[in-house]
file query.txt (compact mmCIF, N, CA and C atoms)
# COMPACT_ATOMS: atom_id res chain seq x y z
N MET A 105 36.67 -22.92 0.49
CA MET A 105 36.64 -21.91 -0.53
C MET A 105 35.19 -21.74 -1.00
N ALA A 106 34.82 -20.52 -1.29
CA ALA A 106 33.45 -20.21 -1.69
C ALA A 106 33.18 -20.75 -3.09
N GLY A 107 31.93 -21.16 -3.30
CA GLY A 107 31.52 -21.66 -4.61
C GLY A 107 31.26 -20.52 -5.57
N LYS A 108 30.92 -20.89 -6.78
CA LYS A 108 30.64 -19.89 -7.80
C LYS A 108 29.36 -19.13 -7.44
N ARG A 109 29.38 -17.82 -7.63
CA ARG A 109 28.24 -16.98 -7.30
C ARG A 109 27.14 -17.17 -8.35
N ARG A 110 25.90 -17.42 -7.86
CA ARG A 110 24.78 -17.62 -8.77
C ARG A 110 24.11 -16.30 -9.09
N LYS A 111 23.62 -16.17 -10.30
CA LYS A 111 22.90 -14.97 -10.74
C LYS A 111 21.43 -15.33 -10.90
N PHE A 112 20.57 -14.45 -10.44
CA PHE A 112 19.13 -14.66 -10.56
C PHE A 112 18.56 -13.54 -11.41
N ASP A 113 17.70 -13.90 -12.35
CA ASP A 113 17.10 -12.85 -13.19
C ASP A 113 16.01 -12.11 -12.42
N ALA A 114 15.62 -10.97 -12.95
CA ALA A 114 14.65 -10.10 -12.27
C ALA A 114 13.31 -10.80 -12.07
N GLU A 115 12.90 -11.61 -13.02
CA GLU A 115 11.62 -12.30 -12.92
C GLU A 115 11.62 -13.27 -11.73
N PHE A 116 12.72 -13.99 -11.53
CA PHE A 116 12.83 -14.92 -10.40
C PHE A 116 12.78 -14.15 -9.08
N ARG A 117 13.53 -13.03 -9.00
CA ARG A 117 13.56 -12.23 -7.77
C ARG A 117 12.16 -11.69 -7.44
N GLU A 118 11.48 -11.16 -8.45
CA GLU A 118 10.14 -10.62 -8.23
C GLU A 118 9.17 -11.71 -7.80
N GLY A 119 9.29 -12.88 -8.39
CA GLY A 119 8.43 -14.00 -8.02
C GLY A 119 8.65 -14.44 -6.58
N ALA A 120 9.90 -14.49 -6.18
CA ALA A 120 10.22 -14.88 -4.81
C ALA A 120 9.67 -13.87 -3.81
N VAL A 121 9.82 -12.59 -4.12
CA VAL A 121 9.30 -11.54 -3.24
C VAL A 121 7.77 -11.62 -3.18
N ARG A 122 7.14 -11.88 -4.32
CA ARG A 122 5.68 -11.99 -4.37
C ARG A 122 5.19 -13.16 -3.52
N ILE A 123 5.93 -14.27 -3.54
CA ILE A 123 5.55 -15.43 -2.72
C ILE A 123 5.54 -15.05 -1.25
N VAL A 124 6.59 -14.35 -0.81
CA VAL A 124 6.67 -13.93 0.59
C VAL A 124 5.53 -12.98 0.93
N ALA A 125 5.27 -12.00 0.04
CA ALA A 125 4.25 -10.99 0.31
C ALA A 125 2.84 -11.57 0.31
N GLU A 126 2.54 -12.42 -0.65
CA GLU A 126 1.17 -12.90 -0.81
C GLU A 126 0.81 -14.06 0.10
N THR A 127 1.77 -14.92 0.40
CA THR A 127 1.44 -16.08 1.23
C THR A 127 1.63 -15.81 2.71
N GLY A 128 2.47 -14.84 3.04
CA GLY A 128 2.73 -14.55 4.44
C GLY A 128 3.65 -15.57 5.11
N ARG A 129 4.22 -16.45 4.31
CA ARG A 129 5.15 -17.45 4.87
C ARG A 129 6.45 -16.77 5.25
N PRO A 130 7.16 -17.31 6.22
CA PRO A 130 8.45 -16.73 6.63
C PRO A 130 9.47 -16.76 5.50
N ILE A 131 10.34 -15.78 5.50
CA ILE A 131 11.37 -15.67 4.47
C ILE A 131 12.25 -16.92 4.47
N ALA A 132 12.58 -17.42 5.66
CA ALA A 132 13.45 -18.60 5.76
C ALA A 132 12.83 -19.80 5.06
N GLN A 133 11.54 -20.00 5.24
CA GLN A 133 10.86 -21.15 4.64
C GLN A 133 10.81 -21.01 3.12
N VAL A 134 10.48 -19.82 2.62
CA VAL A 134 10.42 -19.60 1.18
C VAL A 134 11.80 -19.77 0.56
N ALA A 135 12.82 -19.24 1.23
CA ALA A 135 14.18 -19.36 0.72
C ALA A 135 14.61 -20.82 0.64
N GLN A 136 14.27 -21.59 1.64
CA GLN A 136 14.62 -23.01 1.64
C GLN A 136 13.89 -23.73 0.51
N ASP A 137 12.60 -23.42 0.32
CA ASP A 137 11.83 -24.05 -0.75
C ASP A 137 12.40 -23.73 -2.14
N LEU A 138 12.89 -22.50 -2.30
CA LEU A 138 13.43 -22.08 -3.60
C LEU A 138 14.90 -22.45 -3.78
N GLY A 139 15.55 -22.87 -2.70
CA GLY A 139 16.96 -23.26 -2.78
C GLY A 139 17.91 -22.07 -2.86
N ILE A 140 17.54 -20.98 -2.20
CA ILE A 140 18.42 -19.81 -2.18
C ILE A 140 18.75 -19.45 -0.74
N ASN A 141 19.72 -18.57 -0.58
CA ASN A 141 20.14 -18.15 0.74
C ASN A 141 19.08 -17.26 1.37
N GLU A 142 18.85 -17.44 2.66
CA GLU A 142 17.84 -16.68 3.38
C GLU A 142 18.15 -15.18 3.36
N THR A 143 19.40 -14.81 3.56
CA THR A 143 19.75 -13.39 3.58
C THR A 143 19.58 -12.75 2.19
N THR A 144 19.79 -13.52 1.16
CA THR A 144 19.58 -13.01 -0.20
C THR A 144 18.12 -12.65 -0.40
N LEU A 145 17.23 -13.57 -0.05
CA LEU A 145 15.80 -13.32 -0.19
C LEU A 145 15.37 -12.17 0.72
N ALA A 146 15.91 -12.12 1.92
CA ALA A 146 15.55 -11.04 2.84
C ALA A 146 15.94 -9.68 2.27
N SER A 147 17.08 -9.60 1.60
CA SER A 147 17.48 -8.32 1.00
C SER A 147 16.57 -7.96 -0.16
N TRP A 148 16.13 -8.94 -0.94
CA TRP A 148 15.21 -8.67 -2.05
C TRP A 148 13.88 -8.13 -1.50
N VAL A 149 13.37 -8.78 -0.45
CA VAL A 149 12.10 -8.37 0.14
C VAL A 149 12.23 -6.97 0.73
N SER A 150 13.32 -6.72 1.42
CA SER A 150 13.55 -5.41 2.02
C SER A 150 13.61 -4.32 0.95
N ARG A 151 14.32 -4.58 -0.11
CA ARG A 151 14.44 -3.62 -1.21
C ARG A 151 13.07 -3.37 -1.85
N ALA A 152 12.29 -4.42 -2.02
CA ALA A 152 10.96 -4.27 -2.63
C ALA A 152 10.03 -3.47 -1.72
N ARG A 153 10.11 -3.71 -0.42
CA ARG A 153 9.25 -2.97 0.51
C ARG A 153 9.63 -1.49 0.54
N ARG A 154 10.92 -1.21 0.50
CA ARG A 154 11.34 0.20 0.46
C ARG A 154 10.87 0.87 -0.81
N ALA A 155 10.86 0.14 -1.90
CA ALA A 155 10.41 0.69 -3.18
C ALA A 155 8.89 0.77 -3.25
N GLY A 156 8.22 0.14 -2.31
CA GLY A 156 6.76 0.16 -2.29
C GLY A 156 6.14 -0.84 -3.23
N GLY A 157 6.94 -1.73 -3.78
CA GLY A 157 6.42 -2.70 -4.74
C GLY A 157 5.69 -3.86 -4.11
N ALA A 158 6.04 -4.21 -2.90
CA ALA A 158 5.42 -5.38 -2.27
C ALA A 158 4.75 -4.99 -0.97
N MET A 159 3.43 -5.09 -0.93
CA MET A 159 2.70 -4.82 0.30
C MET A 159 2.33 -6.15 0.92
N GLU A 160 2.21 -6.12 2.23
CA GLU A 160 1.81 -7.34 2.91
C GLU A 160 0.35 -7.64 2.59
N ALA A 161 -0.03 -8.87 2.83
CA ALA A 161 -1.39 -9.29 2.52
C ALA A 161 -2.40 -8.42 3.25
N GLY A 162 -3.38 -7.95 2.54
CA GLY A 162 -4.42 -7.13 3.14
C GLY A 162 -4.14 -5.64 3.11
N GLU A 163 -2.88 -5.26 2.99
CA GLU A 163 -2.56 -3.83 3.00
C GLU A 163 -3.11 -3.12 1.79
N SER A 164 -3.06 -3.75 0.63
CA SER A 164 -3.55 -3.08 -0.57
C SER A 164 -5.07 -2.88 -0.50
N GLU A 165 -5.81 -3.85 0.05
CA GLU A 165 -7.24 -3.69 0.21
C GLU A 165 -7.55 -2.59 1.21
N GLU A 166 -6.80 -2.55 2.30
CA GLU A 166 -6.98 -1.51 3.32
C GLU A 166 -6.68 -0.14 2.74
N LEU A 167 -5.63 -0.03 1.94
CA LEU A 167 -5.28 1.23 1.31
C LEU A 167 -6.38 1.70 0.37
N ALA A 168 -6.94 0.79 -0.42
CA ALA A 168 -8.03 1.14 -1.33
C ALA A 168 -9.26 1.59 -0.56
N ARG A 169 -9.58 0.90 0.54
CA ARG A 169 -10.73 1.27 1.37
C ARG A 169 -10.53 2.66 1.96
N LEU A 170 -9.34 2.93 2.48
CA LEU A 170 -9.07 4.23 3.08
C LEU A 170 -9.12 5.35 2.04
N ARG A 171 -8.67 5.07 0.83
CA ARG A 171 -8.75 6.09 -0.23
C ARG A 171 -10.20 6.40 -0.59
N ARG A 172 -11.04 5.34 -0.67
CA ARG A 172 -12.47 5.57 -0.95
C ARG A 172 -13.11 6.38 0.17
N GLU A 173 -12.81 6.00 1.41
CA GLU A 173 -13.36 6.71 2.55
C GLU A 173 -12.90 8.16 2.57
N ASN A 174 -11.64 8.41 2.25
CA ASN A 174 -11.12 9.77 2.21
C ASN A 174 -11.84 10.59 1.16
N ALA A 175 -12.07 10.04 -0.02
CA ALA A 175 -12.78 10.74 -1.08
C ALA A 175 -14.21 11.07 -0.65
N GLN A 176 -14.86 10.12 0.00
CA GLN A 176 -16.23 10.34 0.48
C GLN A 176 -16.26 11.45 1.53
N LEU A 177 -15.32 11.45 2.45
CA LEU A 177 -15.28 12.48 3.50
C LEU A 177 -15.00 13.86 2.91
N LYS A 178 -14.13 13.92 1.92
CA LYS A 178 -13.86 15.21 1.26
C LYS A 178 -15.12 15.74 0.58
N LYS A 179 -15.86 14.84 -0.07
CA LYS A 179 -17.10 15.23 -0.75
C LYS A 179 -18.11 15.76 0.28
N GLU A 180 -18.26 15.07 1.40
CA GLU A 180 -19.19 15.50 2.44
C GLU A 180 -18.77 16.84 3.04
N ALA A 181 -17.47 17.03 3.25
CA ALA A 181 -16.97 18.29 3.80
C ALA A 181 -17.27 19.45 2.85
N LYS A 182 -17.14 19.22 1.56
CA LYS A 182 -17.42 20.25 0.56
C LYS A 182 -18.91 20.61 0.59
N GLU A 183 -19.77 19.59 0.67
CA GLU A 183 -21.22 19.83 0.73
C GLU A 183 -21.59 20.59 1.99
N LEU A 184 -21.00 20.24 3.13
CA LEU A 184 -21.29 20.92 4.38
C LEU A 184 -20.84 22.38 4.33
N ALA A 185 -19.70 22.64 3.70
CA ALA A 185 -19.22 24.02 3.57
C ALA A 185 -20.20 24.83 2.72
N MET A 186 -20.72 24.23 1.65
CA MET A 186 -21.69 24.94 0.82
C MET A 186 -22.97 25.22 1.61
N GLU A 187 -23.46 24.26 2.38
CA GLU A 187 -24.65 24.46 3.19
C GLU A 187 -24.43 25.55 4.22
N ARG A 188 -23.27 25.58 4.84
CA ARG A 188 -22.94 26.61 5.82
C ARG A 188 -22.98 27.99 5.18
N ASP A 189 -22.40 28.11 3.97
CA ASP A 189 -22.39 29.39 3.28
C ASP A 189 -23.80 29.86 2.95
N VAL A 190 -24.67 28.92 2.51
CA VAL A 190 -26.06 29.28 2.22
C VAL A 190 -26.75 29.76 3.49
N LEU A 191 -26.54 29.09 4.60
CA LEU A 191 -27.16 29.49 5.86
C LEU A 191 -26.66 30.86 6.32
N LYS A 192 -25.39 31.13 6.10
CA LYS A 192 -24.84 32.45 6.45
C LYS A 192 -25.55 33.54 5.66
N ARG A 193 -25.72 33.31 4.35
CA ARG A 193 -26.39 34.29 3.50
C ARG A 193 -27.85 34.50 3.94
N CYS A 194 -28.52 33.39 4.28
CA CYS A 194 -29.90 33.49 4.75
C CYS A 194 -29.98 34.28 6.05
N MET A 195 -29.03 34.08 6.92
CA MET A 195 -29.01 34.77 8.21
C MET A 195 -28.83 36.27 8.01
N VAL A 196 -27.94 36.63 7.07
CA VAL A 196 -27.72 38.05 6.80
C VAL A 196 -29.01 38.69 6.28
N LEU A 197 -29.72 38.00 5.38
CA LEU A 197 -30.97 38.54 4.85
C LEU A 197 -32.05 38.60 5.93
N TRP A 198 -32.07 37.67 6.83
CA TRP A 198 -33.08 37.61 7.88
C TRP A 198 -32.87 38.73 8.90
N VAL A 199 -31.60 39.03 9.22
CA VAL A 199 -31.27 40.04 10.20
C VAL A 199 -31.61 41.43 9.66
N LYS A 200 -31.43 41.66 8.37
CA LYS A 200 -31.70 42.99 7.80
C LYS A 200 -33.13 43.28 7.79
call {"tool": "encode", "arguments": {"input": "query.txt", "output": "structure tokens"}}
result
Amino acid sequence: MAGKRRKFDAEFREGAVRIVAETGRPIAQVAQDLGINETTLASWVSRARRAGGAMEAGESEELARLRRENAQLKKEAKELAMERDVLKRCMVLWVK
């Protein structure tokens, strides 16, 4: 017969998911260390990843780097478009 079902508060669930995300340790090992069922922890991690709350190690730094690079490229593209427009105007004046 099954034992009594245990309830875990949100803080415990978030902490367990954070351990998996930040340390990179396998879910099975973290679950065993915390004394919970592996499938329970796996469902918490899966739910957090779908919600976007838990990124794997290094992903947040990579995302920040890509956002900075994207902003820089947009700025450069805007400057190049302005330079192109100035050159077009100069060409029109030169041809006349």
call {"tool": "atom_distance", "arguments": {"input": "query.txt", "atom1": "CA of Gly162 in chain A", "atom2": "CA of Arg129 in chain A"}}
result
14.2 Å
call {"tool": "residues_around", "arguments": {"input": "query.txt", "residues": "Asn141 in chain A", "least_positions_apart": "4", "cutoff": "12 Å", "atoms": "only C-alpha atoms", "output": "ChimeraX atom specification"}}
result
/A:109-110,112,120,131-137,145-148
call {"tool": "write_last_selection", "arguments": {"input": "query.txt", "atoms": "N, CA and C atoms", "output": "PDB file, keeping the file's coordinate frame"}}
result
ATOM      1  N   ARG A 109      29.380 -17.820  -7.630  1.00  0.00           N
ATOM      2  CA  ARG A 109      28.240 -16.980  -7.300  1.00  0.00           C
ATOM      3  C   ARG A 109      27.140 -17.170  -8.350  1.00  0.00           C
ATOM      4  N   ARG A 110      25.900 -17.420  -7.860  1.00  0.00           N
ATOM      5  CA  ARG A 110      24.780 -17.620  -8.770  1.00  0.00           C
ATOM      6  C   ARG A 110      24.110 -16.300  -9.090  1.00  0.00           C
ATOM      7  N   PHE A 112      20.570 -14.450 -10.440  1.00  0.00           N
ATOM      8  CA  PHE A 112      19.130 -14.660 -10.560  1.00  0.00           C
ATOM      9  C   PHE A 112      18.560 -13.540 -11.410  1.00  0.00           C
ATOM     10  N   ALA A 120       9.900 -14.490  -6.180  1.00  0.00           N
ATOM     11  CA  ALA A 120      10.220 -14.880  -4.810  1.00  0.00           C
ATOM     12  C   ALA A 120       9.670 -13.870  -3.810  1.00  0.00           C
ATOM     13  N   ILE A 131      10.340 -15.780   5.500  1.00  0.00           N
ATOM     14  CA  ILE A 131      11.370 -15.670   4.470  1.00  0.00           C
ATOM     15  C   ILE A 131      12.250 -16.920   4.470  1.00  0.00           C
ATOM     16  N   ALA A 132      12.580 -17.420   5.660  1.00  0.00           N
ATOM     17  CA  ALA A 132      13.450 -18.600   5.760  1.00  0.00           C
ATOM     18  C   ALA A 132      12.830 -19.800   5.060  1.00  0.00           C
ATOM     19  N   GLN A 133      11.540 -20.000   5.240  1.00  0.00           N
ATOM     20  CA  GLN A 133      10.860 -21.150   4.640  1.00  0.00           C
ATOM     21  C   GLN A 133      10.810 -21.010   3.120  1.00  0.00           C
ATOM     22  N   VAL A 134      10.480 -19.820   2.620  1.00  0.00           N
ATOM     23  CA  VAL A 134      10.420 -19.600   1.180  1.00  0.00           C
ATOM     24  C   VAL A 134      11.800 -19.770   0.560  1.00  0.00           C
ATOM     25  N   ALA A 135      12.820 -19.240   1.230  1.00  0.00           N
ATOM     26  CA  ALA A 135      14.180 -19.360   0.720  1.00  0.00           C
ATOM     27  C   ALA A 135      14.610 -20.820   0.640  1.00  0.00           C
ATOM     28  N   GLN A 136      14.270 -21.590   1.640  1.00  0.00           N
ATOM     29  CA  GLN A 136      14.620 -23.010   1.640  1.00  0.00           C
ATOM     30  C   GLN A 136      13.890 -23.730   0.510  1.00  0.00           C
ATOM     31  N   ASP A 137      12.600 -23.420   0.320  1.00  0.00           N
ATOM     32  CA  ASP A 137      11.830 -24.050  -0.750  1.00  0.00           C
ATOM     33  C   ASP A 137      12.400 -23.730  -2.140  1.00  0.00           C
ATOM     34  N   LEU A 145      17.230 -13.570  -0.050  1.00  0.00           N
ATOM     35  CA  LEU A 145      15.800 -13.320  -0.190  1.00  0.00           C
ATOM     36  C   LEU A 145      15.370 -12.170   0.720  1.00  0.00           C
ATOM     37  N   ALA A 146      15.910 -12.120   1.920  1.00  0.00           N
ATOM     38  CA  ALA A 146      15.550 -11.040   2.840  1.00  0.00           C
ATOM     39  C   ALA A 146      15.940  -9.680   2.270  1.00  0.00           C
ATOM     40  N   SER A 147      17.080  -9.600   1.600  1.00  0.00           N
ATOM     41  CA  SER A 147      17.480  -8.320   1.000  1.00  0.00           C
ATOM     42  C   SER A 147      16.570  -7.960  -0.160  1.00  0.00           C
ATOM     43  N   TRP A 148      16.130  -8.940  -0.940  1.00  0.00           N
ATOM     44  CA  TRP A 148      15.210  -8.670  -2.050  1.00  0.00           C
ATOM     45  C   TRP A 148      13.880  -8.130  -1.500  1.00  0.00           C
TER      46      TRP A 148
END
call {"tool": "select_by_dssp", "arguments": {"input": "query.txt", "residues": "range 107-187 of chain A", "states": "alpha helix (DSSP H)", "output": "VMD selection string"}}
result
chain A and resid 114 to 127 131 to 138 142 to 155 163 to 187
call {"tool": "atom_distance", "arguments": {"input": "query.txt", "atom1": "CA of Ala181 in chain A", "atom2": "atom C of Met195 in chain A"}}
result
21.9 Å
call {"tool": "atom_distance", "arguments": {"input": "query.txt", "atom1": "CA of Arg172 in chain A", "atom2": "CA of Arg188 in chain A"}}
result
24.5 Å
